[in-house]
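J.: One file is attached below, work_24.csv, containing CSV, C-alpha atoms.
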```
chain,number,residue,atom,x,y,z
Z,15,MET,CA,294.3,388.2,113.7
Z,16,LYS,CA,294.0,385.6,116.4
Z,17,ILE,CA,292.6,382.9,114.0
Z,18,ILE,CA,295.2,383.3,111.3
Z,19,PRO,CA,298.2,382.3,113.4
Z,20,ALA,CA,296.2,379.3,114.7
Z,21,ARG,CA,295.5,378.1,111.2
Z,22,LEU,CA,299.1,378.8,110.3
Z,23,LEU,CA,300.3,376.8,113.2
Z,24,ILE,CA,298.0,373.9,112.4
Z,25,GLY,CA,299.3,374.0,108.8
Z,26,ILE,CA,302.9,373.9,110.0
Z,27,VAL,CA,302.2,371.0,112.2
Z,28,LEU,CA,300.4,369.1,109.5
Z,29,GLY,CA,303.3,369.8,107.1
Z,30,LEU,CA,305.8,368.6,109.5
Z,31,VAL,CA,303.8,365.4,110.3
Z,32,THR,CA,303.4,364.8,106.5
Z,33,GLY,CA,307.1,365.2,105.9
Z,34,LEU,CA,308.0,362.9,108.8
Z,35,VAL,CA,305.5,360.2,107.8
Z,36,TYR,CA,306.8,360.3,104.2
Z,37,GLY,CA,310.4,360.3,105.2
Z,38,TRP,CA,310.2,357.7,107.9
Z,39,ILE,CA,307.4,355.3,106.8
Z,40,ILE,CA,306.5,355.8,103.1
Z,41,SER,CA,310.0,356.4,101.8
Z,42,PRO,CA,312.6,355.8,104.5
Z,43,VAL,CA,316.3,356.4,103.9
Z,44,GLU,CA,318.0,353.5,102.1
Z,45,TYR,CA,321.7,353.2,102.6
Z,46,ILE,CA,323.2,352.7,99.2
Z,47,ASN,CA,326.5,353.7,97.6
Z,48,THR,CA,328.2,354.0,101.0
Z,49,ALA,CA,331.9,353.9,101.7
Z,50,PRO,CA,333.7,351.6,104.1
Z,51,ASP,CA,334.2,354.5,106.6
Z,52,SER,CA,330.5,354.2,107.5
Z,53,LEU,CA,330.6,350.5,108.4
Z,54,ARG,CA,329.3,349.4,111.7
Z,55,SER,CA,332.0,348.6,114.3
Z,56,ASP,CA,331.8,344.8,113.9
Z,57,TYR,CA,332.0,345.0,110.1
Z,58,ARG,CA,334.7,347.6,110.4
Z,59,THR,CA,336.7,345.3,112.7
Z,60,ASP,CA,336.3,342.4,110.3
Z,61,TYR,CA,337.4,344.6,107.4
Z,62,VAL,CA,340.6,345.4,109.3
Z,63,LEU,CA,341.0,341.7,110.2
Z,64,MET,CA,340.8,340.8,106.5
Z,65,VAL,CA,343.4,343.4,105.7
Z,66,ALA,CA,345.6,341.8,108.4
Z,67,GLN,CA,345.0,338.3,107.0
Z,68,ALA,CA,345.9,339.6,103.5
Z,69,TYR,CA,349.0,341.3,104.9
Z,70,ALA,CA,350.1,338.0,106.4
Z,71,VAL,CA,350.2,336.6,102.8
Z,72,GLU,CA,351.2,339.6,100.8
Z,73,THR,CA,353.5,341.4,103.4
Z,74,ASP,CA,352.7,344.6,101.3
Z,75,LEU,CA,352.3,347.6,103.5
Z,76,VAL,CA,351.4,349.8,100.5
Z,77,SER,CA,348.3,347.7,99.8
Z,78,VAL,CA,347.6,347.8,103.5
Z,79,GLN,CA,347.6,351.6,103.6
Z,80,LYS,CA,345.4,351.8,100.5
Z,81,ARG,CA,342.9,349.4,102.0
Z,82,LEU,CA,342.8,351.0,105.4
Z,83,ALA,CA,342.5,354.5,103.8
Z,84,ALA,CA,339.0,353.5,102.8
Z,85,LEU,CA,338.1,353.6,106.5
Z,86,GLY,CA,338.6,357.3,106.7
Z,87,PRO,CA,341.2,360.1,107.1
Z,88,GLU,CA,342.6,358.9,110.4
Z,89,PRO,CA,346.0,357.2,110.4
Z,90,PRO,CA,345.8,353.6,109.4
Z,91,SER,CA,347.3,352.5,112.7
Z,92,ASP,CA,344.4,354.1,114.6
Z,93,ALA,CA,342.0,351.8,112.7
Z,94,VAL,CA,344.1,348.8,113.6
Z,95,VAL,CA,344.3,349.7,117.3
Z,96,GLU,CA,340.5,350.2,117.4
Z,97,ALA,CA,340.1,346.8,115.8
Z,98,ILE,CA,342.4,345.2,118.3
Z,99,GLN,CA,340.4,346.7,121.2
Z,100,TYR,CA,337.2,345.5,119.7
Z,101,ALA,CA,338.6,342.1,119.1
Z,102,VAL,CA,339.9,341.8,122.7
Z,103,GLU,CA,336.6,343.0,124.1
Z,104,HIS,CA,334.6,340.6,122.0
Z,105,ASN,CA,336.8,337.5,122.6
Z,106,PHE,CA,338.1,337.1,119.1
Z,107,SER,CA,340.5,334.1,118.8
Z,108,GLN,CA,344.1,334.5,119.6
Z,109,THR,CA,344.9,333.8,115.9
Z,110,ASP,CA,342.8,336.8,114.9
Z,111,ILE,CA,344.3,339.1,117.5
Z,112,GLU,CA,347.8,338.0,116.6
Z,113,ALA,CA,347.1,338.8,112.9
Z,114,LEU,CA,345.9,342.3,113.9
Z,115,ARG,CA,348.9,342.7,116.2
Z,116,GLN,CA,351.3,341.8,113.4
Z,117,LEU,CA,349.6,344.4,111.2
Z,118,ALA,CA,350.0,347.0,113.8
Z,119,LEU,CA,353.7,346.2,114.2
Z,120,GLY,CA,354.1,346.4,110.4
Z,121,LEU,CA,352.5,349.8,110.3
Z,122,ARG,CA,354.6,351.0,113.2
Z,123,SER,CA,357.7,350.1,111.2
Z,124,LEU,CA,356.8,352.7,108.5
Z,125,PRO,CA,358.5,356.1,108.7
Z,126,PRO,CA,356.2,358.9,109.9
Z,127,PRO,CA,354.5,360.8,107.2
Z,128,ALA,CA,356.2,364.0,106.2
Z,129,ALA,CA,354.7,367.2,107.6
Z,130,ILE,CA,352.8,369.4,105.2
Z,131,GLY,CA,353.9,373.0,104.9
Z,132,GLY,CA,356.3,374.5,107.5
Z,133,PRO,CA,359.5,376.4,106.8
D,27,MET,CA,286.2,377.8,107.1
D,28,SER,CA,286.5,380.9,105.0
D,29,ARG,CA,288.8,381.2,102.0
D,30,SER,CA,291.4,383.1,104.1
D,31,ASP,CA,291.5,380.3,106.6
D,32,TRP,CA,292.3,377.8,103.9
D,33,VAL,CA,295.0,380.1,102.5
D,34,SER,CA,296.5,380.4,106.0
D,35,ALA,CA,296.5,376.6,106.5
D,36,LEU,CA,298.1,376.1,103.1
D,37,ILE,CA,300.8,378.6,103.9
D,38,GLY,CA,301.4,376.8,107.1
D,39,VAL,CA,301.8,373.5,105.4
D,40,ILE,CA,304.3,374.9,102.9
D,41,LEU,CA,306.2,376.5,105.8
D,42,GLY,CA,306.1,373.3,107.7
D,43,VAL,CA,307.5,371.2,104.8
D,44,ALA,CA,310.1,373.9,104.2
D,45,LEU,CA,311.2,373.8,107.8
D,46,GLY,CA,311.3,370.0,107.8
D,47,LEU,CA,313.5,370.0,104.7
D,48,TYR,CA,315.7,372.8,106.0
D,49,TYR,CA,316.2,370.7,109.2
D,50,ALA,CA,316.7,367.5,107.3
D,51,TRP,CA,319.1,368.8,104.6
D,52,GLY,CA,320.8,371.8,106.3
D,53,VAL,CA,320.8,371.5,110.1
D,54,SER,CA,321.0,367.8,110.5
D,55,PRO,CA,321.6,366.0,107.2
D,56,VAL,CA,321.7,362.3,107.0
D,57,GLU,CA,325.0,360.8,108.0
D,58,TYR,CA,325.7,357.2,107.0
D,59,THR,CA,326.8,355.3,110.1
D,60,ASP,CA,326.5,351.7,111.1
D,61,THR,CA,326.0,350.5,107.6
D,62,SER,CA,326.6,347.0,106.4
D,63,PRO,CA,328.9,345.9,103.6
D,64,ALA,CA,325.8,345.2,101.4
D,65,SER,CA,325.2,349.0,101.0
D,66,LEU,CA,328.7,349.7,99.7
D,67,ARG,CA,329.2,351.5,96.4
D,68,SER,CA,330.0,349.1,93.6
D,69,ASP,CA,333.7,349.9,93.5
D,70,PHE,CA,334.1,349.5,97.3
D,71,ARG,CA,332.0,346.3,97.0
D,72,SER,CA,334.4,344.9,94.5
D,73,ASP,CA,337.4,345.8,96.7
D,74,TYR,CA,335.6,344.2,99.6
D,75,LEU,CA,335.0,341.0,97.7
D,76,ALA,CA,338.6,340.9,96.5
D,77,LEU,CA,339.7,341.4,100.1
D,78,ILE,CA,337.6,338.4,101.2
D,79,ALA,CA,339.3,336.3,98.6
D,80,VAL,CA,342.8,337.4,99.6
D,81,ALA,CA,342.0,336.8,103.3
D,82,PHE,CA,340.8,333.4,102.4
D,83,ASP,CA,344.0,332.8,100.5
D,84,GLY,CA,345.9,333.5,103.7
D,85,THR,CA,343.7,331.5,106.1
D,86,GLY,CA,342.1,328.8,104.0
D,87,ASP,CA,339.0,329.3,106.1
D,88,LEU,CA,336.2,328.6,103.6
D,89,GLU,CA,333.4,328.8,106.1
D,90,ARG,CA,334.5,332.2,107.2
D,91,ALA,CA,334.8,333.3,103.6
D,92,ARG,CA,331.2,332.0,103.1
D,93,ALA,CA,330.0,334.0,106.1
D,94,ARG,CA,331.6,337.1,104.8
D,95,LEU,CA,330.1,336.6,101.3
D,96,ALA,CA,326.7,336.0,102.9
D,97,LEU,CA,326.7,339.7,103.9
D,98,PHE,CA,325.9,340.4,100.2
D,99,PRO,CA,322.5,338.8,99.7
D,100,ASP,CA,322.3,339.6,96.1
D,101,VAL,CA,325.7,338.0,95.2
D,102,LEU,CA,326.0,334.5,93.7
D,103,PRO,CA,329.4,334.0,95.2
D,104,ALA,CA,331.2,331.7,92.7
D,105,ASP,CA,329.9,333.4,89.6
D,106,THR,CA,330.4,336.9,91.0
D,107,LEU,CA,334.0,336.2,92.1
D,108,ALA,CA,334.9,334.5,88.8
D,109,ALA,CA,333.5,337.5,86.9
D,110,LEU,CA,335.3,339.9,89.2
D,111,ALA,CA,338.5,338.0,88.6
D,112,GLN,CA,338.2,338.3,84.9
D,113,GLN,CA,337.2,342.0,85.2
D,114,ARG,CA,340.3,342.7,87.4
D,115,LEU,CA,342.5,340.7,85.1
D,116,ALA,CA,341.4,342.9,82.2
D,117,GLN,CA,342.1,346.0,84.3
D,118,GLY,CA,345.7,344.8,84.9
D,119,ARG,CA,345.2,344.3,88.6
D,120,PRO,CA,347.9,342.4,90.6
D,121,GLY,CA,348.1,338.7,89.7
D,122,PRO,CA,347.9,337.4,93.3
D,123,GLU,CA,344.6,339.2,93.8
D,124,VAL,CA,343.1,337.7,90.7
D,125,SER,CA,344.4,334.2,91.5
D,126,ALA,CA,343.0,334.5,95.0
D,127,LEU,CA,339.6,335.4,93.5
D,128,ALA,CA,339.8,332.4,91.2
D,129,ARG,CA,340.8,330.1,94.1
D,130,LEU,CA,337.9,331.2,96.2
D,131,ALA,CA,335.5,330.9,93.3
D,132,SER,CA,336.7,327.3,92.8
D,133,ALA,CA,336.4,326.5,96.4
D,134,LEU,CA,332.9,327.8,96.6
D,135,SER,CA,331.8,325.9,93.5
D,136,GLY,CA,333.2,322.7,95.0
D,137,ASN,CA,330.9,323.2,98.0
D,138,PRO,CA,327.4,323.7,96.7
D,139,ALA,CA,325.5,326.7,98.1
D,140,GLY,CA,322.6,324.4,98.9
D,141,THR,CA,324.5,322.9,101.8
D,142,PRO,CA,325.6,326.0,103.8
D,143,GLY,CA,327.7,325.6,106.8
D,144,LYS,CA,326.8,326.7,110.3
D,145,THR,CA,328.6,330.0,110.0
D,146,GLN,CA,326.9,330.9,106.8
D,147,THR,CA,323.5,330.3,108.3
D,148,LEU,CA,324.4,332.5,111.2
D,149,ALA,CA,325.6,335.2,108.9
D,150,SER,CA,322.7,335.2,106.5
D,151,THR,CA,320.0,335.1,109.2
D,152,ARG,CA,321.4,337.4,111.7
D,153,LEU,CA,324.3,339.5,110.5
D,154,ALA,CA,322.8,340.4,107.1
D,155,THR,CA,319.4,341.5,108.6
D,156,SER,CA,320.6,343.1,111.8
D,157,THR,CA,320.5,346.9,111.6
D,158,SER,CA,320.5,348.2,115.1
D,159,THR,CA,322.0,345.7,117.5
D,160,PRO,CA,325.7,345.3,117.0
D,161,THR,CA,326.4,341.7,116.3
D,162,ARG,CA,329.9,340.4,116.5
D,163,PHE,CA,331.1,338.9,113.2
D,164,PRO,CA,331.7,335.2,113.5
D,165,THR,CA,335.3,334.6,114.3
D,166,SER,CA,337.5,331.6,114.4
D,167,THR,CA,336.8,330.8,118.0
D,168,ARG,CA,334.5,328.1,116.7
D,169,ARG,CA,336.3,327.7,113.5
D,170,PRO,CA,335.2,324.7,111.5
D,171,GLN,CA,337.7,322.3,109.9
D,172,LEU,CA,339.7,324.1,107.3
D,173,THR,CA,339.1,323.1,103.7
D,174,ARG,CA,342.3,323.5,101.8
D,175,ILE,CA,342.0,324.0,98.1
D,176,PRO,CA,344.9,322.6,96.1
D,177,THR,CA,347.3,325.3,95.2
D,178,ALA,CA,350.6,325.2,93.4
D,179,THR,CA,353.5,324.3,95.6
D,180,PRO,CA,356.3,326.9,95.1
D,181,GLY,CA,359.4,325.5,93.7
D,182,SER,CA,357.9,322.7,91.8
D,183,PRO,CA,357.6,323.8,88.1
D,184,PHE,CA,354.8,322.3,86.1
D,185,LYS,CA,355.6,320.0,83.2
D,186,LEU,CA,353.6,319.6,80.1
D,187,GLU,CA,351.9,316.2,80.3
D,188,SER,CA,350.1,316.2,77.0
D,189,GLU,CA,349.0,318.4,74.2
D,190,GLU,CA,346.3,317.5,71.7
D,191,THR,CA,344.0,319.1,69.2
D,192,VAL,CA,340.4,319.1,70.1
D,193,CYS,CA,337.8,318.9,67.3
D,194,ASP,CA,334.6,319.9,69.1
D,195,ALA,CA,332.1,321.5,66.8
D,196,ARG,CA,330.1,322.7,69.9
D,197,LEU,CA,332.8,325.2,70.7
D,198,ALA,CA,331.8,328.5,69.3
D,199,GLU,CA,335.4,329.7,69.0
D,200,PRO,CA,338.8,327.9,68.8
D,201,LEU,CA,340.3,327.7,72.3
D,202,ILE,CA,343.6,327.0,74.0
D,203,GLN,CA,342.3,324.9,76.8
D,204,VAL,CA,344.6,324.3,79.7
D,205,ARG,CA,344.2,321.9,82.6
D,206,VAL,CA,346.6,322.1,85.6
D,207,LEU,CA,347.0,319.2,88.0
D,208,ASP,CA,349.1,318.8,91.1
D,209,ALA,CA,351.3,315.7,91.8
D,210,SER,CA,348.3,313.9,93.3
D,211,GLY,CA,346.1,314.5,90.2
D,212,ASN,CA,344.0,317.3,91.9
D,213,GLU,CA,343.1,320.2,89.8
D,214,VAL,CA,344.9,323.4,90.7
D,215,SER,CA,343.1,326.8,90.5
D,216,GLY,CA,344.6,330.2,90.4
D,217,VAL,CA,347.6,329.3,88.2
D,218,GLU,CA,348.7,332.1,85.9
D,219,ILE,CA,349.1,331.3,82.2
D,220,LEU,CA,350.9,333.6,79.8
D,221,VAL,CA,350.0,333.5,76.1
D,222,VAL,CA,352.3,335.3,73.6
D,223,TRP,CA,351.8,335.7,69.8
D,224,ASP,CA,353.5,337.8,67.1
D,225,THR,CA,351.7,341.1,67.9
D,226,GLY,CA,350.9,340.8,71.6
D,227,GLN,CA,350.4,338.8,74.7
D,228,ASP,CA,347.8,338.1,77.3
D,229,GLN,CA,347.3,336.1,80.5
D,230,PHE,CA,344.6,334.0,82.0
D,231,PHE,CA,344.1,331.9,85.1
D,232,THR,CA,342.8,328.5,85.9
D,233,GLY,CA,339.7,328.3,88.1
D,234,LEU,CA,337.7,331.2,86.5
D,235,LYS,CA,335.2,328.7,85.0
D,236,PRO,CA,334.7,326.4,88.0
D,237,GLU,CA,331.9,324.5,86.3
D,238,LEU,CA,334.6,323.1,83.9
D,239,GLY,CA,337.0,322.2,86.7
D,240,GLU,CA,339.1,324.1,89.2
D,241,GLY,CA,342.2,323.5,87.2
D,242,TYR,CA,340.7,324.6,83.9
D,243,GLY,CA,341.3,327.8,82.0
D,244,ASP,CA,341.0,328.8,78.4
D,245,PHE,CA,341.9,331.4,75.9
D,246,THR,CA,340.3,332.2,72.6
D,247,MET,CA,342.5,331.8,69.6
D,248,THR,CA,342.4,333.7,66.3
D,249,PRO,CA,342.7,331.2,63.4
D,250,GLY,CA,346.0,331.7,61.5
D,251,THR,CA,347.9,333.1,64.6
D,252,THR,CA,350.6,331.0,66.2
D,253,TYR,CA,350.8,331.1,70.0
D,254,THR,CA,353.3,330.3,72.7
D,255,VAL,CA,351.9,329.2,76.0
D,256,GLN,CA,353.7,329.2,79.3
D,257,LEU,CA,352.6,328.7,82.9
D,258,ALA,CA,354.0,331.2,85.3
D,259,GLN,CA,355.3,328.3,87.3
D,260,ALA,CA,356.7,326.3,84.5
D,261,ASP,CA,360.2,326.2,83.0
D,262,ILE,CA,359.6,325.4,79.3
D,263,PRO,CA,357.0,327.2,77.1
D,264,VAL,CA,354.8,325.3,74.7
D,265,THR,CA,355.4,326.8,71.3
D,266,GLY,CA,353.7,326.5,67.9
D,267,ILE,CA,350.1,326.4,69.1
D,268,GLN,CA,347.8,327.2,66.2
D,269,SER,CA,344.2,326.5,65.4
D,270,GLU,CA,343.9,323.6,63.0
D,271,GLU,CA,341.1,322.8,60.6
D,272,CYS,CA,338.6,320.2,61.7
D,273,THR,CA,335.8,318.5,59.9
D,274,ASP,CA,332.4,317.8,61.4
D,275,GLU,CA,330.0,314.9,60.6
D,276,ARG,CA,328.5,316.8,57.7
D,277,GLY,CA,331.8,317.4,56.1
D,278,GLU,CA,331.9,321.1,57.1
D,279,THR,CA,335.2,322.5,58.4
D,280,PHE,CA,335.7,324.6,61.5
D,281,ALA,CA,338.6,325.9,63.6
D,282,GLY,CA,339.9,323.4,66.1
D,283,SER,CA,341.1,323.9,69.6
D,284,TRP,CA,344.0,322.7,71.7
D,285,LEU,CA,344.1,321.0,75.1
D,286,LEU,CA,347.3,321.3,77.1
D,287,VAL,CA,347.6,319.4,80.4
D,288,PHE,CA,350.2,320.4,82.9
D,289,VAL,CA,351.2,318.3,85.9
D,290,GLN,CA,353.3,319.3,88.8
D,291,PRO,CA,355.9,316.5,89.4
D,292,GLU,CA,356.4,315.1,92.8
D,293,ASP,CA,359.3,316.7,94.7
D,294,ARG,CA,362.3,314.4,95.0
D,295,PRO,CA,364.1,314.3,98.3
```
Let's see the structure in the file written out as structure tokens.
T.:
Amino acid sequence: MKIIPARLLIGIVLGLVTGLVYGWIISPVEYINTAPDSLRSDYRTDYVLMVAQAYAVETDLVSVQKRLAALGPEPPSDAVVEAIQYAVEHNFSQTDIEALRQLALGLRSLPPPAAIGGP
Amino acid sequence: MSRSDWVSALIGVILGVALGLYYAWGVSPVEYTDTSPASLRSDFRSDYLALIAVAFDGTGDLERARARLALFPDVLPADTLAALAQQRLAQGRPGPEVSALARLASALSGNPAGTPGKTQTLASTRLATSTSTPTRFPTSTRRPQLTRIPTATPGSPFKLESEETVCDARLAEPLIQVRVLDASGNEVSGVEILVVWDTGQDQFFTGLKPELGEGYGDFTMTPGTTYTVQLAQADIPVTGIQSEECTDERGETFAGSWLLVFVQPEDRP
């Protein structure tokens, strides 16, 4: 009775080690088919900056909302505010920061979304 | 070891793998974070590339567009963007987005990929390979000199400079070939051209075949059909365009093409 749990334990450890070696070394996770909401913060900021640069040309807030919706369920203005903070912290040019600021102002001019449900 | 020892060890291995998978899939499944644009799903990737083009349209910053495109190591920028423009045109996507893609494709083809700028090198060697250390995307703090691609000046409608039949047996199909030039004689990409015939209409843009010129665009004709061609930024349409019969050196006939050249006149004060 004492030997069986020991063998079992060794087997479990071997199984775990095998799984980890396979998962981390032999066949590690490859990121494919991801969505923009998983982008690293610098790429995410650049994405928002591109939206701001496009907005400067198109002045189309509907397109802006669609593009920023790809970054997740949070309000679009949150993504822009985060981008501005990142841009300021990382010494982006004034031109870039101004483009982001104009985008934030544009989004602020939109009426607040209607509440879902309620009386 | 006895047989029962082996059985115990085997059960242990199975339990271990099961526990590992339960942990990996149930308790703590993989969450995609800190990914790069190269891993985006194809539809998001197309949107991202289009966004690069529209942003380029606004800033004219070609080096920055190059750096952004370098994040996609498997992309041949000019070809991919031209193909994407045609794909989006077929999908009925907004004209400005398509023309922005065409303009960026033209701009890239005018600057061979074999001579990348400083920013592109930075992006391709550092940004595209970095996975753990956040690296700030190159910004315009050290922005190189802007390279402006000729675009149509609003308010100056193009005029038809010439129209001629083209008897070129090398063309597999009869084409309406259009070349658009600005007042300085530079080819203009991203110009929308409307083609109308009895039973339908279509549109195409200059710059989608940058190897033939930034201001070049073409449309395949059906022999026997009469077309009207108009630039989106021109006043007067060109009517009565029809494939005419040509004869090659061996005396065989084939359907001929048309070449229309539009020029934007200089603004008068």
J.: Would you mind listing, as number ranges by chain, all residues of chain D that have at least one atom within 9 Å of chain Z, where only C-alpha atoms are what counts?
T.: D: 30-47, 56-68, 70-71, 73-74, 77-85, 94, 122, 160-168
J.: For those residues, write C-alpha atoms to a file as a compact mmCIF listing (two decimals), in the coordinates of the input.
T.:
```txt
# COMPACT_ATOMS: atom_id res chain seq x y z
CA SER D 30 291.40 383.10 104.10
CA ASP D 31 291.50 380.30 106.60
CA TRP D 32 292.30 377.80 103.90
CA VAL D 33 295.00 380.10 102.50
CA SER D 34 296.50 380.40 106.00
CA ALA D 35 296.50 376.60 106.50
CA LEU D 36 298.10 376.10 103.10
CA ILE D 37 300.80 378.60 103.90
CA GLY D 38 301.40 376.80 107.10
CA VAL D 39 301.80 373.50 105.40
CA ILE D 40 304.30 374.90 102.90
CA LEU D 41 306.20 376.50 105.80
CA GLY D 42 306.10 373.30 107.70
CA VAL D 43 307.50 371.20 104.80
CA ALA D 44 310.10 373.90 104.20
CA LEU D 45 311.20 373.80 107.80
CA GLY D 46 311.30 370.00 107.80
CA LEU D 47 313.50 370.00 104.70
CA VAL D 56 321.70 362.30 107.00
CA GLU D 57 325.00 360.80 108.00
CA TYR D 58 325.70 357.20 107.00
CA THR D 59 326.80 355.30 110.10
CA ASP D 60 326.50 351.70 111.10
CA THR D 61 326.00 350.50 107.60
CA SER D 62 326.60 347.00 106.40
CA PRO D 63 328.90 345.90 103.60
CA ALA D 64 325.80 345.20 101.40
CA SER D 65 325.20 349.00 101.00
CA LEU D 66 328.70 349.70 99.70
CA ARG D 67 329.20 351.50 96.40
CA SER D 68 330.00 349.10 93.60
CA PHE D 70 334.10 349.50 97.30
CA ARG D 71 332.00 346.30 97.00
CA ASP D 73 337.40 345.80 96.70
CA TYR D 74 335.60 344.20 99.60
CA LEU D 77 339.70 341.40 100.10
CA ILE D 78 337.60 338.40 101.20
CA ALA D 79 339.30 336.30 98.60
CA VAL D 80 342.80 337.40 99.60
CA ALA D 81 342.00 336.80 103.30
CA PHE D 82 340.80 333.40 102.40
CA ASP D 83 344.00 332.80 100.50
CA GLY D 84 345.90 333.50 103.70
CA THR D 85 343.70 331.50 106.10
CA ARG D 94 331.60 337.10 104.80
CA PRO D 122 347.90 337.40 93.30
CA PRO D 160 325.70 345.30 117.00
CA THR D 161 326.40 341.70 116.30
CA ARG D 162 329.90 340.40 116.50
CA PHE D 163 331.10 338.90 113.20
CA PRO D 164 331.70 335.20 113.50
CA THR D 165 335.30 334.60 114.30
CA SER D 166 337.50 331.60 114.40
CA THR D 167 336.80 330.80 118.00
CA ARG D 168 334.50 328.10 116.70
```
J.: Do you have the CA of Leu134 in chain D-CA of Phe231 in chain D distance handy?
T.: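 Separation of CA of Leu134 in chain D and CA of Phe231 in chain D: 16.6 Å.
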J.: For the atom pair CA of Leu115 in chain D and CA of Val94 in chain Z, what is the interatomic distance in Å to one decimal place?
T.: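 About the pair CA of Leu115 in chain D and CA of Val94 in chain Z: they are 29.7 Å apart.
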J.: Need the shell around range 181-196 of chain D: protein/DNA/RNA residues with any atom at most 7 Å away, counting only C-alpha atoms. Skip same-chain ones fewer than 5 positions apart. Format as a list in words?
T.: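 Answer for this query is Gln259, Ala260, Asp261, Cys272, Asp274, Gly282, Ser283, Trp284, Leu285, Leu286, Val287, Phe288, Val289, Gln290, Pro291 and Asp293 of chain D.
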J.: One number please: CA of Gly226 in chain D to CA of Gln256 in chain D, in Å, one decimal.
T.: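 So the two atoms, CA of Gly226 in chain D and CA of Gln256 in chain D, lie 14.2 Å apart.
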J.: For Ala97 in chain Z, which of Z:Leu117, Z:Val62, Z:Leu75, Z:Leu82 is the closest residue, counting all atoms listed in the file?
T.: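 Smallest distance to Ala97 in chain Z is found for Z:Val62.
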J.: Would you kindly return, as a PDB file with C-alpha atoms, keeping the file's coordinate frame, each protein, DNA or RNA residue with an atom no farther than 7 Å from any atom of range 248-252 of chain D, considering all atoms listed in the file and excluding same-chain residues fewer than 3 positions away?
T.:
```pdb
ATOM      1  CA  TRP D 223     351.800 335.700  69.800  1.00  0.00           C
ATOM      2  CA  GLY D 266     353.700 326.500  67.900  1.00  0.00           C
ATOM      3  CA  ILE D 267     350.100 326.400  69.100  1.00  0.00           C
ATOM      4  CA  GLN D 268     347.800 327.200  66.200  1.00  0.00           C
ATOM      5  CA  SER D 269     344.200 326.500  65.400  1.00  0.00           C
ATOM      6  CA  ALA D 281     338.600 325.900  63.600  1.00  0.00           C
TER       7      ALA D 281
END
```
J.: Write out as JSON, numbers by chain each polymer residue whose atoms come within 9 Å of Tyr242 in chain D, counting only C-alpha atoms; drop sequence neighbours fewer than 4 positions from it.
T.: {"D": [203, 204, 205, 206, 213, 214, 215, 231, 232, 233, 234, 235, 236, 238]}
